[in-house]
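A.B. asks: What follows is model.txt, compact mmCIF, C-alpha atoms.
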```
# COMPACT_ATOMS: atom_id res chain seq x y z
CA MET A 1 61.56 113.66 129.44
CA ARG A 2 57.79 113.85 129.10
CA GLU A 3 56.22 110.65 127.77
CA PHE A 4 53.34 110.42 125.33
CA GLU A 5 51.72 107.03 125.67
CA HIS A 6 48.40 108.10 124.17
CA ILE A 7 48.29 110.50 121.22
CA GLY A 8 45.02 111.71 119.74
CA VAL A 9 44.66 112.97 116.18
CA ILE A 10 41.61 115.15 115.47
CA GLY A 11 40.51 114.90 111.85
CA GLY A 12 40.01 111.80 109.73
CA GLY A 13 40.98 113.29 106.38
CA ALA A 14 44.13 112.44 104.45
CA TRP A 15 46.49 114.58 106.53
CA GLY A 16 45.08 113.48 109.87
CA THR A 17 45.31 109.84 108.83
CA ALA A 18 48.88 110.30 107.62
CA LEU A 19 49.88 111.88 110.93
CA ALA A 20 48.21 109.06 112.86
CA GLN A 21 50.35 106.67 110.81
CA VAL A 22 53.49 108.64 111.74
CA CYS A 23 52.55 108.58 115.43
CA ALA A 24 52.01 104.83 115.28
CA ARG A 25 55.39 104.28 113.64
CA ALA A 26 57.12 106.56 116.12
CA GLY A 27 55.72 104.51 118.98
CA GLN A 28 57.01 101.16 117.79
CA GLY A 29 58.96 99.39 120.49
CA LYS A 30 57.15 101.12 123.34
CA PRO A 31 53.56 101.30 124.62
CA ARG A 32 51.63 103.70 122.40
CA ARG A 33 47.95 104.30 121.74
CA VAL A 34 46.94 106.35 118.73
CA THR A 35 43.32 107.46 118.55
CA LEU A 36 42.05 109.01 115.32
CA TRP A 37 38.89 111.09 115.76
CA ALA A 38 36.79 111.33 112.60
CA ARG A 39 33.40 112.86 112.01
CA GLU A 40 32.54 110.38 109.25
CA ALA A 41 31.16 107.01 110.43
CA GLU A 42 32.46 105.28 107.30
CA VAL A 43 36.02 106.43 108.09
CA VAL A 44 35.80 105.10 111.64
CA GLU A 45 34.47 101.76 110.40
CA ALA A 46 37.07 101.38 107.65
CA VAL A 47 40.04 102.25 109.86
CA ASN A 48 38.96 99.89 112.64
CA ALA A 49 37.78 97.01 110.48
CA ARG A 50 40.13 97.13 107.50
CA HIS A 51 43.00 99.40 108.61
CA GLU A 52 42.45 101.72 105.65
CA ASN A 53 40.91 105.15 105.12
CA ALA A 54 39.42 104.42 101.74
CA ALA A 55 37.54 107.72 101.61
CA PHE A 56 40.54 110.03 101.96
CA LEU A 57 43.74 107.96 101.73
CA PRO A 58 42.90 104.88 99.65
CA GLY A 59 45.36 102.06 99.04
CA ILE A 60 47.55 102.70 102.09
CA ALA A 61 47.60 100.08 104.84
CA LEU A 62 47.40 101.71 108.26
CA ASP A 63 49.15 100.49 111.39
CA PRO A 64 46.74 98.32 113.44
CA VAL A 65 47.58 100.33 116.57
CA ILE A 66 45.49 103.20 115.17
CA ARG A 67 41.94 103.10 116.50
CA ALA A 68 39.30 105.44 115.12
CA THR A 69 36.39 106.99 116.99
CA SER A 70 33.70 109.66 116.67
CA ALA A 71 33.49 110.21 120.44
CA PHE A 72 35.47 113.02 122.04
CA ALA A 73 35.36 111.08 125.32
CA ASP A 74 37.82 108.56 123.84
CA LEU A 75 40.44 111.32 123.84
CA ALA A 76 40.14 112.09 127.55
CA SER A 77 43.34 110.22 128.41
CA ALA A 78 45.40 111.63 125.53
CA ASP A 79 48.82 113.00 126.52
CA ALA A 80 48.95 115.15 123.36
CA LEU A 81 46.57 116.05 120.54
CA LEU A 82 47.28 116.77 116.89
CA MET A 83 44.53 119.13 115.68
CA VAL A 84 44.06 118.48 111.97
CA THR A 85 40.47 119.65 111.56
CA PRO A 86 40.01 122.31 108.83
CA ALA A 87 40.65 125.84 110.06
CA GLN A 88 37.06 127.02 109.67
CA HIS A 89 35.74 124.13 111.80
CA MET A 90 38.36 124.30 114.52
CA ARG A 91 36.42 126.51 116.93
CA ALA A 92 33.45 124.13 116.96
CA VAL A 93 35.65 121.06 117.39
CA CYS A 94 37.51 122.67 120.28
CA ALA A 95 34.19 123.36 121.98
CA GLY A 96 33.42 119.65 121.77
CA LEU A 97 36.81 118.76 123.21
CA LYS A 98 36.68 121.18 126.12
CA PRO A 99 34.78 118.93 128.57
CA VAL A 100 37.26 116.05 128.16
CA LEU A 101 40.67 117.65 127.58
CA LYS A 102 43.13 117.39 130.44
CA PRO A 103 44.60 120.75 131.57
CA GLY A 104 48.12 121.26 130.27
CA THR A 105 47.68 118.96 127.26
CA PRO A 106 49.88 119.98 124.30
CA VAL A 107 47.78 120.63 121.19
CA LEU A 108 49.72 120.66 117.91
CA LEU A 109 47.89 122.72 115.32
CA CYS A 110 48.36 120.94 112.00
CA ALA A 111 45.72 122.71 109.88
CA LYS A 112 46.64 125.82 107.92
CA GLY A 113 44.43 128.87 107.67
CA VAL A 114 43.01 132.06 109.13
CA GLU A 115 39.54 132.05 110.66
CA GLN A 116 36.93 133.84 108.59
CA GLY A 117 35.09 136.68 110.25
CA THR A 118 37.48 137.08 113.17
CA HIS A 119 40.70 137.10 111.05
CA LYS A 120 42.36 135.17 113.89
CA LEU A 121 45.29 132.78 113.63
CA LEU A 122 44.55 129.28 114.89
CA THR A 123 46.66 129.73 118.03
CA ASP A 124 44.32 132.59 118.94
CA VAL A 125 41.28 130.39 118.33
CA LEU A 126 42.84 127.67 120.49
CA GLY A 127 43.59 130.14 123.26
CA GLU A 128 40.00 131.33 123.30
CA THR A 129 38.36 127.91 123.17
CA LEU A 130 40.83 125.69 125.10
CA PRO A 131 42.74 128.11 127.34
CA ASP A 132 44.23 125.28 129.45
CA ALA A 133 45.89 123.63 126.43
CA ILE A 134 49.55 124.25 125.52
CA PRO A 135 49.73 125.47 121.91
CA ALA A 136 52.21 124.21 119.34
CA VAL A 137 52.26 124.31 115.53
CA LEU A 138 53.28 121.56 113.10
CA SER A 139 53.71 122.83 109.56
CA GLY A 140 55.90 122.37 106.52
CA PRO A 141 56.20 120.96 102.99
CA SER A 142 54.34 117.66 103.13
CA PHE A 143 51.82 115.69 101.09
CA ALA A 144 49.69 113.29 103.09
CA ALA A 145 50.07 110.30 100.78
CA GLU A 146 53.86 110.61 100.75
CA VAL A 147 54.04 110.92 104.53
CA ALA A 148 51.74 107.93 105.02
CA ARG A 149 53.88 105.84 102.67
CA GLY A 150 57.01 106.71 104.63
CA LEU A 151 58.69 108.96 102.05
CA PRO A 152 61.20 111.44 103.54
CA THR A 153 59.63 114.65 104.85
CA ALA A 154 60.83 117.51 107.07
CA VAL A 155 58.56 119.93 108.94
CA THR A 156 58.66 122.72 111.52
CA LEU A 157 57.46 122.09 115.07
CA ALA A 158 56.95 125.44 116.76
CA CYS A 159 56.45 125.75 120.51
CA GLU A 160 57.44 128.37 123.06
CA ASP A 161 58.73 125.72 125.49
CA GLU A 162 61.83 124.18 123.94
CA GLY A 163 61.85 121.29 126.41
CA LEU A 164 58.27 120.36 125.51
CA ALA A 165 59.07 120.77 121.82
CA THR A 166 61.98 118.35 122.16
CA ALA A 167 59.73 115.80 123.86
CA LEU A 168 57.12 116.19 121.12
CA MET A 169 59.72 115.85 118.37
CA ASN A 170 60.94 112.62 119.95
CA ALA A 171 57.35 111.41 120.31
CA ILE A 172 56.35 111.87 116.67
CA GLY A 173 59.66 112.02 114.81
CA ILE A 174 60.95 109.09 112.77
CA PRO A 175 63.79 108.89 110.22
CA THR A 176 61.39 109.69 107.37
CA PHE A 177 59.43 112.38 109.23
CA ARG A 178 61.85 114.90 110.68
CA PRO A 179 60.56 117.79 112.81
CA TYR A 180 62.80 120.85 113.26
CA TYR A 181 62.27 123.08 116.29
CA SER A 182 61.27 126.74 116.18
CA PRO A 183 60.02 129.00 118.98
CA ASP A 184 58.08 131.08 116.43
CA LEU A 185 54.45 129.94 116.37
CA ILE A 186 53.25 132.98 114.43
CA GLY A 187 55.77 132.47 111.64
CA ALA A 188 54.85 128.81 111.27
CA GLU A 189 51.15 129.69 111.13
CA VAL A 190 51.45 132.56 108.66
CA GLY A 191 53.51 130.51 106.23
CA GLY A 192 51.00 127.69 106.19
CA ALA A 193 47.99 129.96 105.77
CA VAL A 194 49.34 132.24 103.05
CA LYS A 195 50.94 129.53 100.92
CA ASN A 196 47.52 127.94 100.36
CA VAL A 197 46.23 131.17 98.85
CA LEU A 198 49.32 131.65 96.69
CA ALA A 199 49.13 128.05 95.46
CA ILE A 200 45.72 128.81 93.96
CA ALA A 201 47.32 131.70 92.08
CA CYS A 202 50.14 129.47 90.80
CA GLY A 203 47.61 126.90 89.67
CA ILE A 204 45.76 129.57 87.71
CA VAL A 205 49.03 130.55 86.01
CA GLU A 206 49.54 126.91 85.02
CA GLY A 207 45.95 126.46 83.87
CA LYS A 208 46.13 129.61 81.74
CA LYS A 209 49.46 128.41 80.29
CA LEU A 210 51.20 131.66 81.19
CA GLY A 211 54.58 129.94 81.42
CA ALA A 212 57.21 128.90 83.93
CA SER A 213 58.64 132.42 84.13
CA ALA A 214 55.29 133.79 85.27
CA ARG A 215 54.94 131.07 87.91
CA ALA A 216 58.44 131.74 89.23
CA ALA A 217 57.73 135.47 89.44
CA LEU A 218 54.42 134.89 91.17
CA THR A 219 55.96 132.49 93.69
CA THR A 220 58.71 134.98 94.50
CA ARG A 221 56.42 137.96 94.81
CA GLY A 222 54.02 135.81 96.79
CA PHE A 223 56.81 135.02 99.22
CA ALA A 224 57.32 138.76 99.62
CA GLU A 225 53.63 139.07 100.55
CA MET A 226 53.93 136.23 103.07
CA THR A 227 56.99 137.86 104.60
CA ARG A 228 55.37 141.30 104.89
CA LEU A 229 52.34 139.88 106.65
CA GLY A 230 54.39 137.65 108.93
CA LEU A 231 56.72 140.43 110.03
CA ALA A 232 53.77 142.73 110.68
CA LEU A 233 52.33 140.08 113.01
CA GLY A 234 55.63 139.61 114.84
CA ALA A 235 57.00 136.54 113.07
CA ARG A 236 60.70 135.94 112.53
CA ALA A 237 62.11 136.33 109.01
CA GLU A 238 64.09 133.10 109.34
CA THR A 239 60.91 131.13 110.08
CA LEU A 240 59.25 132.50 106.97
CA ALA A 241 62.34 131.54 104.95
CA GLY A 242 62.30 128.02 106.43
CA LEU A 243 60.32 124.82 106.04
CA SER A 244 56.96 126.16 107.18
CA GLY A 245 57.19 129.24 104.95
CA LEU A 246 59.28 129.15 101.80
CA GLY A 247 59.59 125.37 101.89
CA ASP A 248 55.85 124.79 101.98
CA LEU A 249 55.32 127.52 99.38
CA VAL A 250 57.74 125.89 96.93
CA LEU A 251 56.05 122.49 97.31
CA THR A 252 52.48 123.71 97.10
CA CYS A 253 53.04 126.05 94.19
CA ASN A 254 54.77 123.45 92.02
CA SER A 255 52.71 120.28 92.25
CA PRO A 256 49.12 119.49 91.25
CA GLN A 257 49.13 117.03 94.18
CA SER A 258 48.32 120.18 96.16
CA ARG A 259 44.55 120.62 96.50
CA ASN A 260 45.05 124.37 96.30
CA MET A 261 47.22 124.36 93.19
CA SER A 262 44.97 121.82 91.46
CA LEU A 263 41.95 124.02 92.21
CA GLY A 264 43.73 127.01 90.68
CA LEU A 265 44.71 124.87 87.70
CA ALA A 266 41.07 124.00 87.10
CA LEU A 267 40.04 127.65 87.48
CA GLY A 268 42.68 128.64 84.94
CA GLU A 269 41.32 126.04 82.53
CA GLY A 270 37.89 127.66 82.74
CA LYS A 271 36.04 125.46 85.22
CA SER A 272 33.73 127.09 87.76
CA LEU A 273 34.59 127.16 91.44
CA ALA A 274 31.27 125.54 92.33
CA ASP A 275 31.91 122.62 89.99
CA ILE A 276 35.46 122.13 91.26
CA LEU A 277 34.45 122.12 94.92
CA GLY A 278 31.40 119.96 94.22
CA ALA A 279 33.60 117.17 92.87
CA ARG A 280 35.84 117.09 95.99
CA ASN A 281 35.43 115.30 99.29
CA ALA A 282 38.23 117.23 101.01
CA VAL A 283 38.51 120.88 102.05
CA THR A 284 40.61 123.21 99.89
CA GLU A 285 41.79 125.51 102.66
CA GLY A 286 43.01 128.38 100.48
CA VAL A 287 39.49 129.09 99.20
CA HIS A 288 38.26 129.72 102.73
CA SER A 289 41.36 131.52 103.99
CA ALA A 290 41.84 133.91 101.06
CA THR A 291 39.41 136.58 102.23
CA ALA A 292 40.49 136.16 105.86
CA VAL A 293 44.17 136.61 104.94
CA VAL A 294 43.41 139.71 102.87
CA ASP A 295 41.18 141.21 105.56
CA LEU A 296 43.83 140.55 108.21
CA ALA A 297 46.46 142.21 106.01
CA ALA A 298 44.21 145.24 105.54
CA THR A 299 43.95 145.76 109.30
CA LEU A 300 47.77 145.89 109.39
CA ASN A 301 48.10 148.06 106.26
CA VAL A 302 50.03 145.26 104.53
CA GLU A 303 49.88 145.16 100.73
CA MET A 304 49.14 141.68 99.28
CA PRO A 305 48.02 142.12 95.65
CA ILE A 306 48.34 138.46 94.62
CA SER A 307 46.33 137.28 97.60
CA GLU A 308 43.80 140.02 96.91
CA ALA A 309 43.46 138.77 93.33
CA VAL A 310 42.77 135.22 94.54
CA ALA A 311 40.22 136.50 97.05
CA SER A 312 38.45 138.46 94.33
CA ILE A 313 38.21 135.33 92.18
CA VAL A 314 36.92 132.93 94.85
CA THR A 315 34.35 135.48 96.05
CA GLY A 316 33.12 136.15 92.52
CA LYS A 317 34.13 139.79 92.49
CA ALA A 318 36.37 139.26 89.44
CA ASN A 319 36.89 136.52 86.91
CA VAL A 320 40.30 135.00 86.25
CA ASP A 321 41.13 137.20 83.27
CA GLU A 322 40.13 140.38 85.09
CA ALA A 323 42.26 139.47 88.11
CA ILE A 324 45.28 138.71 85.92
CA ALA A 325 44.88 141.99 84.02
CA ALA A 326 44.69 143.92 87.30
CA LEU A 327 47.99 142.41 88.44
CA LEU A 328 49.78 142.97 85.12
CA THR A 329 48.78 146.63 84.93
CA ARG A 330 49.94 147.58 88.43
CA PRO A 331 52.45 150.46 88.50
CA PHE A 332 56.13 149.54 88.34
CA LYS A 333 57.90 149.74 91.71
CA SER A 334 60.98 148.70 93.64
CA GLU A 335 61.43 145.04 94.63
CA THR A 336 60.44 145.04 98.31
```
Write the structure described by the file as structure tokens, please.

C.D. replies:
Amino acid sequence: MREFEHIGVIGGGAWGTALAQVCARAGQGKPRRVTLWAREAEVVEAVNARHENAAFLPGIALDPVIRATSAFADLASADALLMVTPAQHMRAVCAGLKPVLKPGTPVLLCAKGVEQGTHKLLTDVLGETLPDAIPAVLSGPSFAAEVARGLPTAVTLACEDEGLATALMNAIGIPTFRPYYSPDLIGAEVGGAVKNVLAIACGIVEGKKLGASARAALTTRGFAEMTRLGLALGARAETLAGLSGLGDLVLTCNSPQSRNMSLGLALGEGKSLADILGARNAVTEGVHSATAVVDLAATLNVEMPISEAVASIVTGKANVDEAIAALLTRPFKSET
């Protein structure tokens, strides 16, 4: 079975740091290097000197095997990469990696989103920028702090090559971080991208105090939107109903630990988007993916009214009350 003695993690935010911690734990008892690439100099210094990412994951002691860097050259010997950079920055980061990446290196896409402007899924972006890499997707219901602390979590690992997927699962899987195999990369990607947008909507429902019934209805109808888009792109229904689709949707739409739900919550309470984003040091992916998801759906003639409402709010085309009124006055129809 393929061995992974050096694993690189691209992205020094909370999720990237948590995944570096998982990779370090999975390598215990055998030679394993884990290199965490971070853009921020203070993150690199803190991880290397104090074994903590105080900026994005404070209070969690990191395994000393994790070494941080801001140099792509330090990833040249990596046997696999976990790409955790935000979706809208992925193309630029891949361009930086191209001169050093070994041909045939598996790249697990761990960010969730659709690229603005091109409306491309991240596997498409990877294929265009790093055509010699082998794409895989890691997605599912997971909060970075819980994963880093070793709380039980299950995710989807999607890859066309089942043998490679098995090797990757063995390389990063531990009893408290359980990857499940799927051959459906598109389904894993669509679930992760759309749930971020829907979580903003659920947060708005909570912030406006519209009730648990409204949130349940929105989550369910949102899942219908996710399914319609996924099937139109060629995803499998069972993937969308699994960990990376419904599972991630349930988690993200029901906990203010989610950056996307907490942003919606603040919007529902009357705060401005600029003020909310200005107080954060981490990317809220649903804000950036909302218009891309809606535009992608339009090219496929897929109806996504909840996602459209979120896009109208984050782009300033409608306020929260106007978007809610537009949804509540839609014509009655069959449940499809």

A.B. asks: Which of these, A:Ala214, A:Ile200, A:Leu263, A:Leu185, has the shortest distance to Ile276 (chain A) once you count all atoms listed in the file?

C.D. replies: A:Leu263

A.B. asks: For Asp79 (chain A), which of A:Gly96, A:Pro31, A:Gly8, A:Gly113 is the closest residue, counting all atoms listed in the file?

C.D. replies: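 For Asp79 (chain A), the nearest of the candidates is A:Gly8.
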
A.B. asks: Report, in Å to a single decimal, how far apart CA of Leu19 (chain A) and CA of Thr166 (chain A) are.

C.D. replies: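 For CA of Thr166 (chain A) relative to CA of Leu19 (chain A), the distance reads 17.7 Å.
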
A.B. asks: Measuring atom to atom with all atoms listed in the file, identify which of A:Val197, A:Leu210, A:Thr153, A:Gly140 is nearest to Leu240 (chain A).

C.D. replies: A:Gly140

A.B. asks: From the set A:Ala54, A:Ala68, A:Met226, A:Ile60, which residue has the shortest atom-to-atom contact distance to Thr35 (chain A), counting only C-alpha atoms?

C.D. replies: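 Closest to Thr35 (chain A), using only C-alpha atoms: A:Ala68.
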
A.B. asks: Would you mind putting N, CA and C atoms back on region 208-224 of chain A and writing the result as a CSV table (one decimal), in the coordinates of the input?

C.D. replies:
```csv
chain,number,residue,atom,x,y,z
A,208,LYS,N,46.2,128.6,82.8
A,208,LYS,CA,46.1,129.6,81.7
A,208,LYS,C,47.3,129.5,80.8
A,209,LYS,N,48.2,128.6,81.1
A,209,LYS,CA,49.5,128.4,80.3
A,209,LYS,C,50.2,129.7,80.1
A,210,LEU,N,50.5,130.4,81.2
A,210,LEU,CA,51.2,131.7,81.2
A,210,LEU,C,52.7,131.5,81.3
A,211,GLY,N,53.2,130.2,81.5
A,211,GLY,CA,54.6,129.9,81.4
A,211,GLY,C,55.3,129.8,82.8
A,212,ALA,N,56.4,129.1,82.7
A,212,ALA,CA,57.2,128.9,83.9
A,212,ALA,C,57.8,130.2,84.5
A,213,SER,N,58.1,131.2,83.6
A,213,SER,CA,58.6,132.4,84.1
A,213,SER,C,57.6,133.2,85.0
A,214,ALA,N,56.4,133.1,84.5
A,214,ALA,CA,55.3,133.8,85.3
A,214,ALA,C,55.1,133.1,86.6
A,215,ARG,N,55.1,131.8,86.6
A,215,ARG,CA,54.9,131.1,87.9
A,215,ARG,C,56.1,131.4,88.9
A,216,ALA,N,57.3,131.4,88.4
A,216,ALA,CA,58.4,131.7,89.2
A,216,ALA,C,58.3,133.1,89.8
A,217,ALA,N,57.9,134.1,89.0
A,217,ALA,CA,57.7,135.5,89.4
A,217,ALA,C,56.6,135.5,90.5
A,218,LEU,N,55.5,134.8,90.2
A,218,LEU,CA,54.4,134.9,91.2
A,218,LEU,C,54.8,134.3,92.5
A,219,THR,N,55.5,133.1,92.5
A,219,THR,CA,56.0,132.5,93.7
A,219,THR,C,56.9,133.4,94.5
A,220,THR,N,57.8,134.1,93.8
A,220,THR,CA,58.7,135.0,94.5
A,220,THR,C,58.0,136.2,95.1
A,221,ARG,N,57.1,136.8,94.3
A,221,ARG,CA,56.4,138.0,94.8
A,221,ARG,C,55.4,137.5,95.9
A,222,GLY,N,54.9,136.3,95.8
A,222,GLY,CA,54.0,135.8,96.8
A,222,GLY,C,54.8,135.6,98.1
A,223,PHE,N,56.0,135.2,98.0
A,223,PHE,CA,56.8,135.0,99.2
A,223,PHE,C,57.0,136.4,99.9
A,224,ALA,N,57.2,137.4,99.1
A,224,ALA,CA,57.3,138.8,99.6
A,224,ALA,C,56.1,139.2,100.4
```
